[in-house]
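Colleague: Have a look at this one before I ask anything.
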Amino acid sequence: IILVDDEAEVRDSMAEGVNWEKLGFKVSGVARNGIEAWELIEEEAPDLVMTDIRMPYMDGLELTAKMREKYDDIKIIIFSGFDDFSYAKEAIKYKVENYIMKPINSRELEESMAEVKKRLDRERDSERNFAELKEKYDRSRPRILESVLHQVIRGQITDEVKQQLYDNHPKFLAEGSWIVAVAEMRHHDKRAEWEDIAYKAIDEELHEKYGAAIVIENRKVDIIFGNIDSEETIRICENLARNLKHQLNVDIVCGIGSKVDMLSDIRRSFNEACIALNKMTEERTAVYYVDIVADEKIQINSLSQNALKYIKENYRDPELSVETVADNIGFSHSYFSSVFKKEMGEACSNVINRIRMKEAARLLKETDYKTYVIAKDTGFADVAYFSYAFKRYYGVSPTKYRQR
């Protein structure tokens, strides 16, 4: 409690003449006016302020108004030597606990303090119960979210699942598109604690940096990226594998599914990621399902096969484009783009760029060709644009990539 009165005799008699401990309070400060009182309130954060009305510099009603602007939970009792209804009416407006006339009657004071204490105790109990409930919910929230995401990955999209997603991860629904990656540990210490450490590292790396949703099951980690393209996903997964190897000496590999724009299709992206993971070779740390499809011609009809064949034969041509591919395999531009993307899971322009970038990376690793020569050999007439495109794809310049 803080006591505020400009009369020293009144302040002292209230501070020392009342058995506050018996009433359930302690005096944490006294002030001569509203300005001093405000400084104390900011420092002490009291439960209750008892203030006179008539004081110099800042009176009791001004102080009350100021408190209500910032501290709605502080209880206020006003005492005054003036029997003026206008003061009482103003006090009621600020939701004060009581308006006591001087000289203060000890019985009236005790009754008023008992009521304030009851109210404070009820509020404390309510806050404590809410805090406990919130703590329990916060502890269980990751498990709830993981369970819901497990259902999403399995294609079990119900209204209840959508509501749970909205309640626990509203950003997930707002993403609009998703890519699933499945990470698996290989060639590592089989002790369970190493798995726990690696899983925690994956969660921290991908959830905190990229907002990815994580589901851990059967020594695998299912990772759902939202609103991100395939090239960025591949780069993130390769960096993750490199970091875990460097920091924990743990080897992980990632299979990556194609991008989908419907919740119900996340299951397809997950299945594709599992196929890509099973096709993993020793020298790779991340494999994109569409690359597997491109390399092995899985489930691709003649349009996409012919398009891929033409791209691989002509990627060195700087004039190569989606339109030239469509023209050369005999389809209209719009029809070709639509069918190709549906079958391959991404746009034809992305495939052209990826084939060029992979060839550029191979030449940087296996030859001493100058950058401008490699740019020309991979279909870039402008070496500056080649460097820009390469850095955007791999995250580093051609020079730094070669140095690695």
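Labeling convention for the structure tokens: chains A, B, ... as they appear, residues from 1 per chain, ligands from 1 in order of appearance.
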List as a list of chain:residue names the protein and nucleic acid residues near Ala181 of chain A, meaning an atom at most 10 Å away when only C-alpha atoms are counted, but skip any in the same chain fewer than 5 places from it.
Modeller: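 Non-adjacent residues within range: A:Ile214, A:Val221, A:Asp222, A:Ile223, A:Ile224, A:Phe225, A:Thr233, A:Ile234, A:Cys237, A:Val253, A:Cys254, A:Gly255, A:Ile256, A:Gly257, A:Ser258, A:Ser269, A:Phe270, A:Asn271, A:Glu272, A:Ala273, A:Cys274, A:Ala276, A:Leu277, A:Ala286, A:Val287, A:Tyr288, A:Tyr289.
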Colleague: Residues within 12 Å of Ile100 of chain A, please, as a VMD selection string. Count only C-alpha atoms; anything in the same chain fewer than 2 positions from it doesn't count.
Modeller: chain A and resid 50 to 53 76 to 84 87 to 88 91 96 to 98 102 to 113
Colleague: With C-alpha atoms retained, export the selected residues as a PDB file, in the first residue's frame.
Modeller:
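Saved the output as again_16.pdb:
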ATOM      1  CA  MET A  50      -4.830   5.500  -0.548  1.00  0.00           C
ATOM      2  CA  THR A  51      -4.845   9.166  -1.429  1.00  0.00           C
ATOM      3  CA  ASP A  52      -6.239  12.470  -0.245  1.00  0.00           C
ATOM      4  CA  ILE A  53      -7.913  14.685  -2.853  1.00  0.00           C
ATOM      5  CA  ILE A  76      -7.616   2.987  -5.097  1.00  0.00           C
ATOM      6  CA  ILE A  77      -9.211   4.377  -1.937  1.00  0.00           C
ATOM      7  CA  ILE A  78      -9.791   8.116  -1.690  1.00  0.00           C
ATOM      8  CA  PHE A  79     -10.109   9.896   1.640  1.00  0.00           C
ATOM      9  CA  SER A  80     -11.015  13.554   1.961  1.00  0.00           C
ATOM     10  CA  GLY A  81     -12.030  16.176   4.486  1.00  0.00           C
ATOM     11  CA  PHE A  82     -14.512  17.681   2.023  1.00  0.00           C
ATOM     12  CA  ASP A  83     -18.058  16.405   1.921  1.00  0.00           C
ATOM     13  CA  ASP A  84     -18.579  17.340  -1.701  1.00  0.00           C
ATOM     14  CA  TYR A  87     -15.612  14.693  -5.717  1.00  0.00           C
ATOM     15  CA  ALA A  88     -17.339  11.421  -4.971  1.00  0.00           C
ATOM     16  CA  ALA A  91     -14.035   9.177  -7.965  1.00  0.00           C
ATOM     17  CA  VAL A  96     -12.182   3.594  -6.876  1.00  0.00           C
ATOM     18  CA  GLU A  97     -12.792   1.024  -4.142  1.00  0.00           C
ATOM     19  CA  ASN A  98     -14.109   3.493  -1.572  1.00  0.00           C
ATOM     20  CA  LYS A 102     -11.941  12.419   7.290  1.00  0.00           C
ATOM     21  CA  PRO A 103     -11.471  12.008  10.152  1.00  0.00           C
ATOM     22  CA  ILE A 104     -11.101   8.344   9.282  1.00  0.00           C
ATOM     23  CA  ASN A 105     -13.129   5.950  11.409  1.00  0.00           C
ATOM     24  CA  SER A 106     -11.033   2.878  12.314  1.00  0.00           C
ATOM     25  CA  ARG A 107     -13.958   0.489  11.906  1.00  0.00           C
ATOM     26  CA  GLU A 108     -14.851   1.906   8.494  1.00  0.00           C
ATOM     27  CA  LEU A 109     -11.206   1.636   7.454  1.00  0.00           C
ATOM     28  CA  GLU A 110     -10.964  -1.995   8.590  1.00  0.00           C
ATOM     29  CA  GLU A 111     -14.145  -2.942   6.725  1.00  0.00           C
ATOM     30  CA  SER A 112     -12.938  -1.194   3.567  1.00  0.00           C
ATOM     31  CA  MET A 113      -9.526  -2.861   3.745  1.00  0.00           C
TER      32      MET A 113
END
Colleague: Here is a test: counting only C-alpha atoms, which residue of A:Asp368, A:Ile2, A:Arg128, A:Ala213 is nearest to Ala15 of chain A?
Modeller: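 So, comparing all the options, the nearest one is A:Ile2.
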Colleague: How many Å separate atom CA of Ile292 of chain A from atom CA of Phe172 of chain A?
Modeller: 27.8 Å
Colleague: Identify all residues of segment 135-262 of chain A in helix (DSSP H, G or I) (DSSP on the backbone) and supply them as a PDB file with C-alpha atoms, in the first residue's frame.
Modeller:
ATOM      1  CA  GLU A 135       1.812 -23.339 -18.358  1.00  0.00           C
ATOM      2  CA  LYS A 136       0.302 -26.819 -18.769  1.00  0.00           C
ATOM      3  CA  TYR A 137      -1.027 -25.872 -22.211  1.00  0.00           C
ATOM      4  CA  ASP A 138       2.307 -24.378 -23.288  1.00  0.00           C
ATOM      5  CA  ARG A 139       4.092 -27.567 -22.185  1.00  0.00           C
ATOM      6  CA  SER A 140       1.697 -29.762 -24.154  1.00  0.00           C
ATOM      7  CA  ARG A 141       1.411 -27.458 -27.172  1.00  0.00           C
ATOM      8  CA  PRO A 142       4.420 -28.868 -29.092  1.00  0.00           C
ATOM      9  CA  ARG A 143       3.028 -32.401 -28.673  1.00  0.00           C
ATOM     10  CA  ILE A 144      -0.437 -31.275 -29.792  1.00  0.00           C
ATOM     11  CA  LEU A 145       1.021 -29.569 -32.855  1.00  0.00           C
ATOM     12  CA  GLU A 146       3.206 -32.557 -33.716  1.00  0.00           C
ATOM     13  CA  SER A 147       0.188 -34.860 -33.501  1.00  0.00           C
ATOM     14  CA  VAL A 148      -1.835 -32.576 -35.784  1.00  0.00           C
ATOM     15  CA  LEU A 149       1.020 -32.283 -38.292  1.00  0.00           C
ATOM     16  CA  HIS A 150       1.325 -36.070 -38.292  1.00  0.00           C
ATOM     17  CA  GLN A 151      -2.320 -36.231 -39.387  1.00  0.00           C
ATOM     18  CA  VAL A 152      -1.696 -33.620 -42.090  1.00  0.00           C
ATOM     19  CA  ILE A 153       1.244 -35.609 -43.476  1.00  0.00           C
ATOM     20  CA  ASP A 159     -12.280 -29.568 -39.887  1.00  0.00           C
ATOM     21  CA  GLU A 160     -10.944 -30.450 -36.433  1.00  0.00           C
ATOM     22  CA  VAL A 161      -7.390 -30.745 -37.795  1.00  0.00           C
ATOM     23  CA  LYS A 162      -7.720 -27.363 -39.513  1.00  0.00           C
ATOM     24  CA  GLN A 163      -8.978 -25.799 -36.281  1.00  0.00           C
ATOM     25  CA  GLN A 164      -6.090 -27.301 -34.310  1.00  0.00           C
ATOM     26  CA  LEU A 165      -3.662 -25.937 -36.884  1.00  0.00           C
ATOM     27  CA  TYR A 166      -5.269 -22.524 -36.617  1.00  0.00           C
ATOM     28  CA  ASP A 167      -5.069 -22.588 -32.802  1.00  0.00           C
ATOM     29  CA  ASN A 168      -1.496 -23.870 -32.533  1.00  0.00           C
ATOM     30  CA  PRO A 170      -1.880 -20.134 -37.567  1.00  0.00           C
ATOM     31  CA  LYS A 171       1.006 -19.140 -39.837  1.00  0.00           C
ATOM     32  CA  PHE A 172       1.082 -22.681 -41.249  1.00  0.00           C
ATOM     33  CA  LEU A 173      -2.369 -22.318 -42.824  1.00  0.00           C
ATOM     34  CA  ALA A 174      -1.510 -18.896 -44.201  1.00  0.00           C
ATOM     35  CA  ALA A 192      19.703 -42.530 -28.185  1.00  0.00           C
ATOM     36  CA  GLU A 193      21.105 -39.325 -26.707  1.00  0.00           C
ATOM     37  CA  TRP A 194      22.881 -38.558 -29.990  1.00  0.00           C
ATOM     38  CA  GLU A 195      19.598 -38.878 -31.824  1.00  0.00           C
ATOM     39  CA  ASP A 196      17.932 -36.536 -29.328  1.00  0.00           C
ATOM     40  CA  ILE A 197      20.699 -33.953 -29.739  1.00  0.00           C
ATOM     41  CA  ALA A 198      20.541 -34.151 -33.529  1.00  0.00           C
ATOM     42  CA  TYR A 199      16.737 -33.893 -33.570  1.00  0.00           C
ATOM     43  CA  LYS A 200      16.905 -30.850 -31.290  1.00  0.00           C
ATOM     44  CA  ALA A 201      19.530 -29.266 -33.565  1.00  0.00           C
ATOM     45  CA  ILE A 202      17.313 -29.856 -36.613  1.00  0.00           C
ATOM     46  CA  ASP A 203      14.318 -28.338 -34.833  1.00  0.00           C
ATOM     47  CA  GLU A 204      16.287 -25.261 -33.752  1.00  0.00           C
ATOM     48  CA  GLU A 205      17.925 -24.774 -37.143  1.00  0.00           C
ATOM     49  CA  LEU A 206      14.835 -25.152 -39.307  1.00  0.00           C
ATOM     50  CA  HIS A 207      11.968 -24.037 -37.073  1.00  0.00           C
ATOM     51  CA  GLU A 208      13.636 -20.932 -35.675  1.00  0.00           C
ATOM     52  CA  LYS A 209      15.308 -19.791 -38.917  1.00  0.00           C
ATOM     53  CA  TYR A 210      12.718 -20.783 -41.507  1.00  0.00           C
ATOM     54  CA  SER A 230      12.374 -26.114 -54.308  1.00  0.00           C
ATOM     55  CA  GLU A 231      15.811 -24.610 -54.946  1.00  0.00           C
ATOM     56  CA  GLU A 232      15.828 -22.889 -51.567  1.00  0.00           C
ATOM     57  CA  THR A 233      14.641 -26.102 -49.872  1.00  0.00           C
ATOM     58  CA  ILE A 234      17.497 -28.097 -51.416  1.00  0.00           C
ATOM     59  CA  ARG A 235      20.023 -25.477 -50.322  1.00  0.00           C
ATOM     60  CA  ILE A 236      18.653 -25.418 -46.736  1.00  0.00           C
ATOM     61  CA  CYS A 237      18.748 -29.228 -46.461  1.00  0.00           C
ATOM     62  CA  GLU A 238      22.309 -29.402 -47.838  1.00  0.00           C
ATOM     63  CA  ASN A 239      23.426 -26.725 -45.359  1.00  0.00           C
ATOM     64  CA  LEU A 240      21.703 -28.589 -42.526  1.00  0.00           C
ATOM     65  CA  ALA A 241      23.546 -31.818 -43.392  1.00  0.00           C
ATOM     66  CA  ARG A 242      26.848 -29.953 -43.596  1.00  0.00           C
ATOM     67  CA  ASN A 243      26.314 -28.195 -40.243  1.00  0.00           C
ATOM     68  CA  LEU A 244      25.326 -31.386 -38.381  1.00  0.00           C
ATOM     69  CA  LYS A 245      28.340 -33.197 -39.781  1.00  0.00           C
ATOM     70  CA  HIS A 246      30.652 -30.372 -38.729  1.00  0.00           C
ATOM     71  CA  GLN A 247      29.136 -29.744 -35.289  1.00  0.00           C
ATOM     72  CA  LEU A 248      27.996 -33.201 -34.125  1.00  0.00           C
TER      73      LEU A 248
END
Colleague: Need to verify the contact set: Ser28 of chain A, 8 Å, only C-alpha atoms, exclusion of same-chain residues closer than 4 positions in sequence. Can you return it as number ranges by chain?
Modeller: A: 1-2, 44, 46
Colleague: Can I get the selected residues back with N, CA and C atoms, as a PDB file, in the first residue's frame?
Modeller:
ATOM      1  N   ILE A   1       0.845  -1.184   0.000  1.00  0.00           N
ATOM      2  CA  ILE A   1       0.000   0.000   0.000  1.00  0.00           C
ATOM      3  C   ILE A   1       0.882   1.236   0.000  1.00  0.00           C
ATOM      4  N   ILE A   2       0.455   2.289  -0.727  1.00  0.00           N
ATOM      5  CA  ILE A   2       1.114   3.590  -0.698  1.00  0.00           C
ATOM      6  C   ILE A   2       0.103   4.609  -0.174  1.00  0.00           C
ATOM      7  N   GLU A  44       7.348   0.866  -7.007  1.00  0.00           N
ATOM      8  CA  GLU A  44       6.882  -0.183  -6.092  1.00  0.00           C
ATOM      9  C   GLU A  44       5.791  -1.089  -6.677  1.00  0.00           C
ATOM     10  N   PRO A  46       2.396  -0.963  -6.384  1.00  0.00           N
ATOM     11  CA  PRO A  46       1.597  -1.371  -5.220  1.00  0.00           C
ATOM     12  C   PRO A  46       0.294  -2.050  -5.631  1.00  0.00           C
TER      13      PRO A  46
END
Colleague: Would you list the contacts of Lys400 of chain A as JSON, numbers by chain, taking every protein, DNA or RNA residue within 12 Å and counting only C-alpha atoms, but skipping same-chain residues closer than 6 positions in sequence?
Modeller: {"A": [361, 364, 365, 371, 387, 390, 391, 394]}
Colleague: Which of segment 153-398 of chain A end up as strand (DSSP E or B) when DSSP is run on this backbone - answer as number ranges by chain?
Modeller: A: 178-186, 213-217, 220-226, 251-256, 260, 286-288
Colleague: Could you list, as a list in words, every residue within 8 Å of segment 314-330 of chain A, counting only C-alpha atoms and ignoring same-chain residues fewer than 4 positions away?
Modeller: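 Close residues of segment 314-330 of chain A: Leu303, Asn306, Ala307, Tyr310, Phe336, Ser337, Cys348, Ser349, Ile352, Ile355, Arg356, Lys376, Asp377, Thr378, Gly379, Phe380 and Ala381 of chain A.
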Colleague: Could you tell me how far atom CA of Ala212 of chain A sits from atom CA of Trp178 of chain A, in Å to one decimal place?
Modeller: 9.7 Å
Colleague: Here is a test: counting only C-alpha atoms, which residue of A:Val30, A:Ala45, A:Val182, A:Val4 is nearest to Leu63 of chain A?
Modeller: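 The shortest atom-to-atom distance to Leu63 of chain A comes from A:Val4.
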Colleague: Give the answer as one residue: which of A:Arg354, A:Ile74, A:Asn278, A:Asp291 has the shortest atom-to-atom distance to Ile311 of chain A, using only C-alpha atoms?
Modeller: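 Looking at the shortest contact to Ile311 of chain A, the residue is A:Arg354.
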Colleague: How many Å lie between atom CA of Val250 of chain A and atom CA of Gln403 of chain A, rounded to one decimal?
Modeller: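 Between these atoms lies a distance of 24.3 Å.
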